[in-house]
>>> print(open('model_21.txt').read())   # compact mmCIF, C-alpha atoms
# COMPACT_ATOMS: atom_id res chain seq x y z
CA MET A 1 41.62 49.26 -201.60
CA ASN A 2 42.37 52.91 -202.23
CA LEU A 3 45.85 54.11 -203.04
CA PRO A 4 48.03 54.54 -199.96
CA THR A 5 47.91 58.16 -198.80
CA THR A 6 51.66 58.54 -199.32
CA VAL A 7 51.38 57.46 -202.97
CA GLN A 8 48.25 59.49 -203.70
CA ASP A 9 49.75 62.63 -202.14
CA PHE A 10 53.01 62.14 -204.08
CA LEU A 11 51.21 61.71 -207.41
CA THR A 12 48.99 64.72 -206.72
CA ALA A 13 51.91 66.92 -205.63
CA HIS A 14 53.63 66.18 -208.95
CA GLY A 15 50.46 66.70 -211.01
CA ILE A 16 50.66 63.16 -212.40
CA ARG A 17 47.79 61.77 -214.45
CA TYR A 18 47.30 58.09 -213.79
CA SER A 19 44.76 55.32 -213.92
CA LEU A 20 44.26 52.24 -211.79
CA VAL A 21 44.22 48.82 -213.42
CA GLN A 22 42.31 46.22 -211.44
CA HIS A 23 43.40 42.57 -211.59
CA PRO A 24 42.78 39.33 -209.71
CA ARG A 25 44.86 39.00 -206.55
CA ALA A 26 48.52 38.29 -207.33
CA ALA A 27 51.49 37.77 -205.04
CA THR A 28 54.35 39.00 -207.26
CA SER A 29 54.87 41.86 -209.69
CA ARG A 30 55.31 39.37 -212.52
CA ASP A 31 51.98 37.72 -211.61
CA CYS A 32 50.32 41.15 -211.39
CA ALA A 33 51.46 41.87 -214.93
CA ALA A 34 50.07 38.58 -216.22
CA ARG A 35 46.74 38.99 -214.43
CA ALA A 36 46.41 42.61 -215.56
CA HIS A 37 47.33 41.62 -219.14
CA VAL A 38 50.24 44.05 -219.38
CA PRO A 39 53.82 43.23 -220.42
CA ALA A 40 55.95 42.30 -217.40
CA ASP A 41 58.79 44.46 -218.68
CA HIS A 42 56.45 47.47 -218.36
CA VAL A 43 55.78 46.83 -214.67
CA ALA A 44 58.27 48.58 -212.40
CA LYS A 45 58.91 46.71 -209.17
CA ALA A 46 60.65 47.85 -206.01
CA VAL A 47 63.42 45.84 -204.40
CA ILE A 48 64.31 47.09 -200.92
CA LEU A 49 67.91 46.80 -199.75
CA ASN A 50 69.71 47.92 -196.64
CA ASP A 51 73.00 48.16 -194.81
CA ALA A 52 74.32 50.11 -191.82
CA GLN A 53 73.91 53.37 -193.80
CA GLY A 54 70.17 52.82 -194.31
CA PHE A 55 67.66 51.66 -196.87
CA VAL A 56 67.82 51.85 -200.65
CA MET A 57 65.07 51.15 -203.19
CA ALA A 58 66.06 49.60 -206.50
CA VAL A 59 63.46 49.90 -209.27
CA VAL A 60 63.63 47.23 -211.97
CA PRO A 61 61.27 45.67 -214.52
CA ALA A 62 59.08 42.91 -213.05
CA ASP A 63 60.65 40.30 -215.32
CA HIS A 64 64.23 41.20 -214.33
CA TRP A 65 66.58 40.24 -211.50
CA LEU A 66 68.59 42.80 -209.57
CA ARG A 67 72.36 42.65 -210.16
CA LEU A 68 73.02 42.85 -206.42
CA LYS A 69 76.71 41.90 -206.48
CA ALA A 70 77.46 44.54 -209.14
CA LEU A 71 75.36 47.10 -207.30
CA ARG A 72 77.29 46.49 -204.08
CA LYS A 73 80.53 47.04 -205.96
CA ASP A 74 79.30 50.16 -207.80
CA LEU A 75 78.02 51.77 -204.59
CA ASP A 76 80.81 50.38 -202.39
CA ARG A 77 78.18 49.30 -199.88
CA PRO A 78 77.44 45.86 -198.40
CA LEU A 79 73.74 46.02 -199.28
CA LYS A 80 71.49 43.05 -198.58
CA LEU A 81 67.87 42.31 -199.34
CA SER A 82 65.60 43.66 -196.61
CA ASP A 83 63.26 41.25 -194.87
CA GLU A 84 59.47 41.57 -194.85
CA ARG A 85 59.41 42.86 -191.27
CA GLU A 86 61.77 45.74 -192.12
CA ILE A 87 59.82 46.54 -195.28
CA GLY A 88 56.53 46.51 -193.36
CA ARG A 89 57.86 49.16 -190.97
CA LEU A 90 58.91 51.39 -193.87
CA PHE A 91 55.72 51.05 -195.91
CA ARG A 92 53.04 50.99 -193.21
CA ASP A 93 50.33 52.16 -195.60
CA CYS A 94 50.94 49.29 -198.06
CA VAL A 95 50.04 45.62 -197.97
CA PRO A 96 53.19 43.51 -197.38
CA GLY A 97 54.78 42.56 -200.69
CA ALA A 98 53.08 45.34 -202.68
CA VAL A 99 55.54 48.23 -202.37
CA PRO A 100 55.13 51.03 -204.94
CA PRO A 101 58.46 51.85 -206.65
CA LEU A 102 58.38 55.47 -205.51
CA GLY A 103 61.32 55.78 -203.14
CA PRO A 104 61.23 59.59 -203.06
CA ALA A 105 57.65 59.45 -201.74
CA TYR A 106 59.01 57.54 -198.74
CA ASP A 107 62.20 59.63 -198.42
CA MET A 108 64.30 56.68 -199.58
CA GLU A 109 67.41 56.71 -201.72
CA THR A 110 66.35 55.28 -205.08
CA LEU A 111 68.19 53.60 -207.95
CA VAL A 112 66.38 52.94 -211.23
CA ASP A 113 67.21 50.52 -214.01
CA ASP A 114 67.71 52.17 -217.41
CA ASP A 115 65.16 49.78 -218.95
CA VAL A 116 62.47 51.28 -216.72
CA MET A 117 63.58 54.82 -217.51
CA ALA A 118 63.16 54.13 -221.25
CA LEU A 119 59.53 52.96 -221.10
CA GLY A 120 56.70 54.83 -222.81
CA ASP A 121 54.12 53.40 -220.39
CA VAL A 122 54.78 52.28 -216.81
CA TYR A 123 52.68 50.20 -214.45
CA PHE A 124 53.50 49.67 -210.79
CA GLU A 125 52.13 48.19 -207.58
CA ALA A 126 49.47 50.40 -206.05
CA GLY A 127 50.15 49.27 -202.48
CA ASP A 128 47.95 46.17 -202.57
CA HIS A 129 47.84 42.92 -204.54
CA GLU A 130 44.83 43.76 -206.71
CA GLN A 131 45.63 46.88 -208.70
CA LEU A 132 48.41 48.58 -210.62
CA VAL A 133 48.96 52.28 -211.21
CA HIS A 134 49.42 53.15 -214.90
CA THR A 135 51.09 56.34 -216.08
CA ASP A 136 53.13 57.45 -219.05
CA GLY A 137 56.90 57.06 -218.97
CA ALA A 138 57.60 60.79 -218.88
CA SER A 139 55.46 61.17 -215.77
CA PHE A 140 57.15 58.21 -214.09
CA ARG A 141 60.57 59.69 -214.88
CA ASP A 142 59.38 62.96 -213.35
CA LEU A 143 58.42 61.13 -210.15
CA LEU A 144 61.93 59.66 -209.93
CA ARG A 145 63.80 62.78 -211.05
CA GLY A 146 67.13 62.93 -209.27
CA ALA A 147 67.28 59.18 -208.66
CA ARG A 148 70.48 57.50 -209.76
CA HIS A 149 70.04 55.16 -212.71
CA GLY A 150 72.00 52.58 -214.69
CA HIS A 151 71.95 48.95 -215.77
CA ILE A 152 71.18 47.42 -212.38
CA SER A 153 69.23 44.34 -213.49
CA HIS A 154 69.11 41.55 -216.05
CA ALA A 155 66.35 39.46 -217.61
>>> encode(input="model_21.txt", output="structure tokens")
Amino acid sequence: MNLPTTVQDFLTAHGIRYSLVQHPRAATSRDCAARAHVPADHVAKAVILNDAQGFVMAVVPADHWLRLKALRKDLDRPLKLSDEREIGRLFRDCVPGAVPPLGPAYDMETLVDDDVMALGDVYFEAGDHEQLVHTDGASFRDLLRGARHGHISHA
């Protein structure tokens, strides 16, 4: 599969150099990392949340868990995990379960874990279950410039 148009256009608009890493089909970001032979803590995954105010994307390492209770308190919002049907409507150009962690490309409020922001190399879902996008950390930070960040996950 080619990159979703939204992702490709976003990368191009920001002048980002990237490569695609093919891997055997995998259902989770952690499995993608293992099958692509890259460290799971270098794979940024998207967790989609919502409440009455709208949707929020949290970007965390593939081997971490979102600190949802703390995030709710910090943002003073009753966020919950979005279901697959809601996510499918938001990311129509992606295969279900393979959301790229590029909230700004989809006009979505985005929060990023500090561990992701510190990486020298970043891999992320390319919109399917068979390839990852690889870019350097500085480029990934540029893509998420303006996103709020902090310690929003734990291993």
>>> residues_around(input="model_21.txt", residues="Ala26 of chain A", least_positions_apart="4", cutoff="7 Å", atoms="only C-alpha atoms", output="PDB file with C-alpha atoms, keeping the file's coordinate frame")
ATOM      1  CA  ASP A  31      51.980  37.720-211.610  1.00  0.00           C
ATOM      2  CA  CYS A  32      50.320  41.150-211.390  1.00  0.00           C
ATOM      3  CA  HIS A 129      47.840  42.920-204.540  1.00  0.00           C
ATOM      4  CA  GLU A 130      44.830  43.760-206.710  1.00  0.00           C
TER       5      GLU A 130
END
>>> closest_residue(input="model_21.txt", among="A:His23, A:Arg67, A:Arg141, A:Arg30", to="Val116 of chain A", atoms="all atoms listed in the file")
A:Arg141
>>> residues_around(input="model_21.txt", residues="segment 42-47 of chain A", least_positions_apart="3", cutoff="6 Å", atoms="all atoms listed in the file", output="PyMOL selection string")
chain A and resi 39+57-62+101+122-124
>>> atom_distance(input="model_21.txt", atom1="atom CA of Pro100 of chain A", atom2="atom CA of Asp74 of chain A")
24.4 Å
>>> atom_distance(input="model_21.txt", atom1="atom CA of Asp136 of chain A", atom2="atom CA of Ile16 of chain A")
9.1 Å
>>> atom_distance(input="model_21.txt", atom1="atom CA of Ser29 of chain A", atom2="atom CA of Pro96 of chain A")
12.5 Å
>>> build_atoms(input="model_21.txt", residues="segment 87-120 of chain A", atoms="N, CA and C atoms", output="PDB file, in the coordinates of the input")
ATOM      1  N   ILE A  87      60.589  45.879-194.220  1.00  0.00           N
ATOM      2  CA  ILE A  87      59.820  46.540-195.280  1.00  0.00           C
ATOM      3  C   ILE A  87      58.464  46.996-194.755  1.00  0.00           C
ATOM      4  N   GLY A  88      57.830  46.163-193.943  1.00  0.00           N
ATOM      5  CA  GLY A  88      56.530  46.510-193.360  1.00  0.00           C
ATOM      6  C   GLY A  88      56.594  47.765-192.509  1.00  0.00           C
ATOM      7  N   ARG A  89      57.694  47.953-191.802  1.00  0.00           N
ATOM      8  CA  ARG A  89      57.860  49.160-190.970  1.00  0.00           C
ATOM      9  C   ARG A  89      58.035  50.407-191.825  1.00  0.00           C
ATOM     10  N   LEU A  90      58.668  50.255-192.988  1.00  0.00           N
ATOM     11  CA  LEU A  90      58.910  51.390-193.870  1.00  0.00           C
ATOM     12  C   LEU A  90      57.682  51.807-194.671  1.00  0.00           C
ATOM     13  N   PHE A  91      56.870  50.820-195.037  1.00  0.00           N
ATOM     14  CA  PHE A  91      55.720  51.050-195.910  1.00  0.00           C
ATOM     15  C   PHE A  91      54.439  50.655-195.174  1.00  0.00           C
ATOM     16  N   ARG A  92      54.173  51.330-194.082  1.00  0.00           N
ATOM     17  CA  ARG A  92      53.040  50.990-193.210  1.00  0.00           C
ATOM     18  C   ARG A  92      51.684  51.125-193.899  1.00  0.00           C
ATOM     19  N   ASP A  93      51.612  51.962-194.932  1.00  0.00           N
ATOM     20  CA  ASP A  93      50.330  52.160-195.600  1.00  0.00           C
ATOM     21  C   ASP A  93      50.132  51.228-196.797  1.00  0.00           C
ATOM     22  N   CYS A  94      51.025  50.256-196.957  1.00  0.00           N
ATOM     23  CA  CYS A  94      50.940  49.290-198.060  1.00  0.00           C
ATOM     24  C   CYS A  94      50.773  47.880-197.508  1.00  0.00           C
ATOM     25  N   VAL A  95      50.156  47.029-198.312  1.00  0.00           N
ATOM     26  CA  VAL A  95      50.040  45.620-197.970  1.00  0.00           C
ATOM     27  C   VAL A  95      51.435  45.004-198.131  1.00  0.00           C
ATOM     28  N   PRO A  96      51.870  44.145-197.222  1.00  0.00           N
ATOM     29  CA  PRO A  96      53.190  43.510-197.380  1.00  0.00           C
ATOM     30  C   PRO A  96      53.338  42.867-198.761  1.00  0.00           C
ATOM     31  N   GLY A  97      54.503  43.128-199.380  1.00  0.00           N
ATOM     32  CA  GLY A  97      54.780  42.560-200.690  1.00  0.00           C
ATOM     33  C   GLY A  97      54.240  43.357-201.857  1.00  0.00           C
ATOM     34  N   ALA A  98      53.660  44.521-201.601  1.00  0.00           N
ATOM     35  CA  ALA A  98      53.080  45.340-202.680  1.00  0.00           C
ATOM     36  C   ALA A  98      53.602  46.776-202.594  1.00  0.00           C
ATOM     37  N   VAL A  99      54.901  46.921-202.541  1.00  0.00           N
ATOM     38  CA  VAL A  99      55.540  48.230-202.370  1.00  0.00           C
ATOM     39  C   VAL A  99      55.575  48.995-203.691  1.00  0.00           C
ATOM     40  N   PRO A 100      55.024  50.198-203.729  1.00  0.00           N
ATOM     41  CA  PRO A 100      55.130  51.030-204.940  1.00  0.00           C
ATOM     42  C   PRO A 100      56.581  51.464-205.144  1.00  0.00           C
ATOM     43  N   PRO A 101      57.059  51.491-206.388  1.00  0.00           N
ATOM     44  CA  PRO A 101      58.460  51.850-206.650  1.00  0.00           C
ATOM     45  C   PRO A 101      58.686  53.363-206.666  1.00  0.00           C
ATOM     46  N   LEU A 102      58.285  54.011-205.618  1.00  0.00           N
ATOM     47  CA  LEU A 102      58.380  55.470-205.510  1.00  0.00           C
ATOM     48  C   LEU A 102      59.188  55.835-204.270  1.00  0.00           C
ATOM     49  N   GLY A 103      60.456  55.505-204.282  1.00  0.00           N
ATOM     50  CA  GLY A 103      61.320  55.780-203.140  1.00  0.00           C
ATOM     51  C   GLY A 103      61.260  57.216-202.644  1.00  0.00           C
ATOM     52  N   PRO A 104      61.286  58.213-203.542  1.00  0.00           N
ATOM     53  CA  PRO A 104      61.230  59.590-203.060  1.00  0.00           C
ATOM     54  C   PRO A 104      59.974  59.899-202.233  1.00  0.00           C
ATOM     55  N   ALA A 105      58.871  59.232-202.514  1.00  0.00           N
ATOM     56  CA  ALA A 105      57.650  59.450-201.740  1.00  0.00           C
ATOM     57  C   ALA A 105      57.825  59.017-200.287  1.00  0.00           C
ATOM     58  N   TYR A 106      58.742  58.071-200.076  1.00  0.00           N
ATOM     59  CA  TYR A 106      59.010  57.540-198.740  1.00  0.00           C
ATOM     60  C   TYR A 106      60.372  57.997-198.215  1.00  0.00           C
ATOM     61  N   ASP A 107      60.897  59.068-198.815  1.00  0.00           N
ATOM     62  CA  ASP A 107      62.200  59.630-198.420  1.00  0.00           C
ATOM     63  C   ASP A 107      63.301  58.574-198.421  1.00  0.00           C
ATOM     64  N   MET A 108      63.336  57.768-199.482  1.00  0.00           N
ATOM     65  CA  MET A 108      64.300  56.680-199.580  1.00  0.00           C
ATOM     66  C   MET A 108      65.196  56.874-200.799  1.00  0.00           C
ATOM     67  N   GLU A 109      66.489  56.680-200.591  1.00  0.00           N
ATOM     68  CA  GLU A 109      67.410  56.710-201.720  1.00  0.00           C
ATOM     69  C   GLU A 109      66.924  55.705-202.759  1.00  0.00           C
ATOM     70  N   THR A 110      66.931  56.115-204.030  1.00  0.00           N
ATOM     71  CA  THR A 110      66.350  55.280-205.080  1.00  0.00           C
ATOM     72  C   THR A 110      67.305  55.155-206.257  1.00  0.00           C
ATOM     73  N   LEU A 111      67.406  53.927-206.763  1.00  0.00           N
ATOM     74  CA  LEU A 111      68.190  53.600-207.950  1.00  0.00           C
ATOM     75  C   LEU A 111      67.221  53.006-208.961  1.00  0.00           C
ATOM     76  N   VAL A 112      67.333  53.397-210.223  1.00  0.00           N
ATOM     77  CA  VAL A 112      66.380  52.940-211.230  1.00  0.00           C
ATOM     78  C   VAL A 112      67.130  52.315-212.404  1.00  0.00           C
ATOM     79  N   ASP A 113      66.626  51.167-212.852  1.00  0.00           N
ATOM     80  CA  ASP A 113      67.210  50.520-214.010  1.00  0.00           C
ATOM     81  C   ASP A 113      66.911  51.334-215.269  1.00  0.00           C
ATOM     82  N   ASP A 114      67.887  51.419-216.169  1.00  0.00           N
ATOM     83  CA  ASP A 114      67.710  52.170-217.410  1.00  0.00           C
ATOM     84  C   ASP A 114      66.557  51.639-218.258  1.00  0.00           C
ATOM     85  N   ASP A 115      66.277  50.335-218.186  1.00  0.00           N
ATOM     86  CA  ASP A 115      65.160  49.780-218.950  1.00  0.00           C
ATOM     87  C   ASP A 115      63.832  50.370-218.503  1.00  0.00           C
ATOM     88  N   VAL A 116      63.692  50.649-217.226  1.00  0.00           N
ATOM     89  CA  VAL A 116      62.470  51.280-216.720  1.00  0.00           C
ATOM     90  C   VAL A 116      62.411  52.734-217.178  1.00  0.00           C
ATOM     91  N   MET A 117      63.540  53.404-217.134  1.00  0.00           N
ATOM     92  CA  MET A 117      63.580  54.820-217.510  1.00  0.00           C
ATOM     93  C   MET A 117      63.248  55.037-218.989  1.00  0.00           C
ATOM     94  N   ALA A 118      63.396  54.004-219.814  1.00  0.00           N
ATOM     95  CA  ALA A 118      63.160  54.130-221.250  1.00  0.00           C
ATOM     96  C   ALA A 118      61.718  53.821-221.670  1.00  0.00           C
ATOM     97  N   LEU A 119      60.878  53.390-220.745  1.00  0.00           N
ATOM     98  CA  LEU A 119      59.530  52.960-221.100  1.00  0.00           C
ATOM     99  C   LEU A 119      58.609  54.124-221.478  1.00  0.00           C
ATOM    100  N   GLY A 120      57.712  53.857-222.424  1.00  0.00           N
ATOM    101  CA  GLY A 120      56.700  54.830-222.810  1.00  0.00           C
ATOM    102  C   GLY A 120      55.487  54.789-221.894  1.00  0.00           C
TER     103      GLY A 120
END
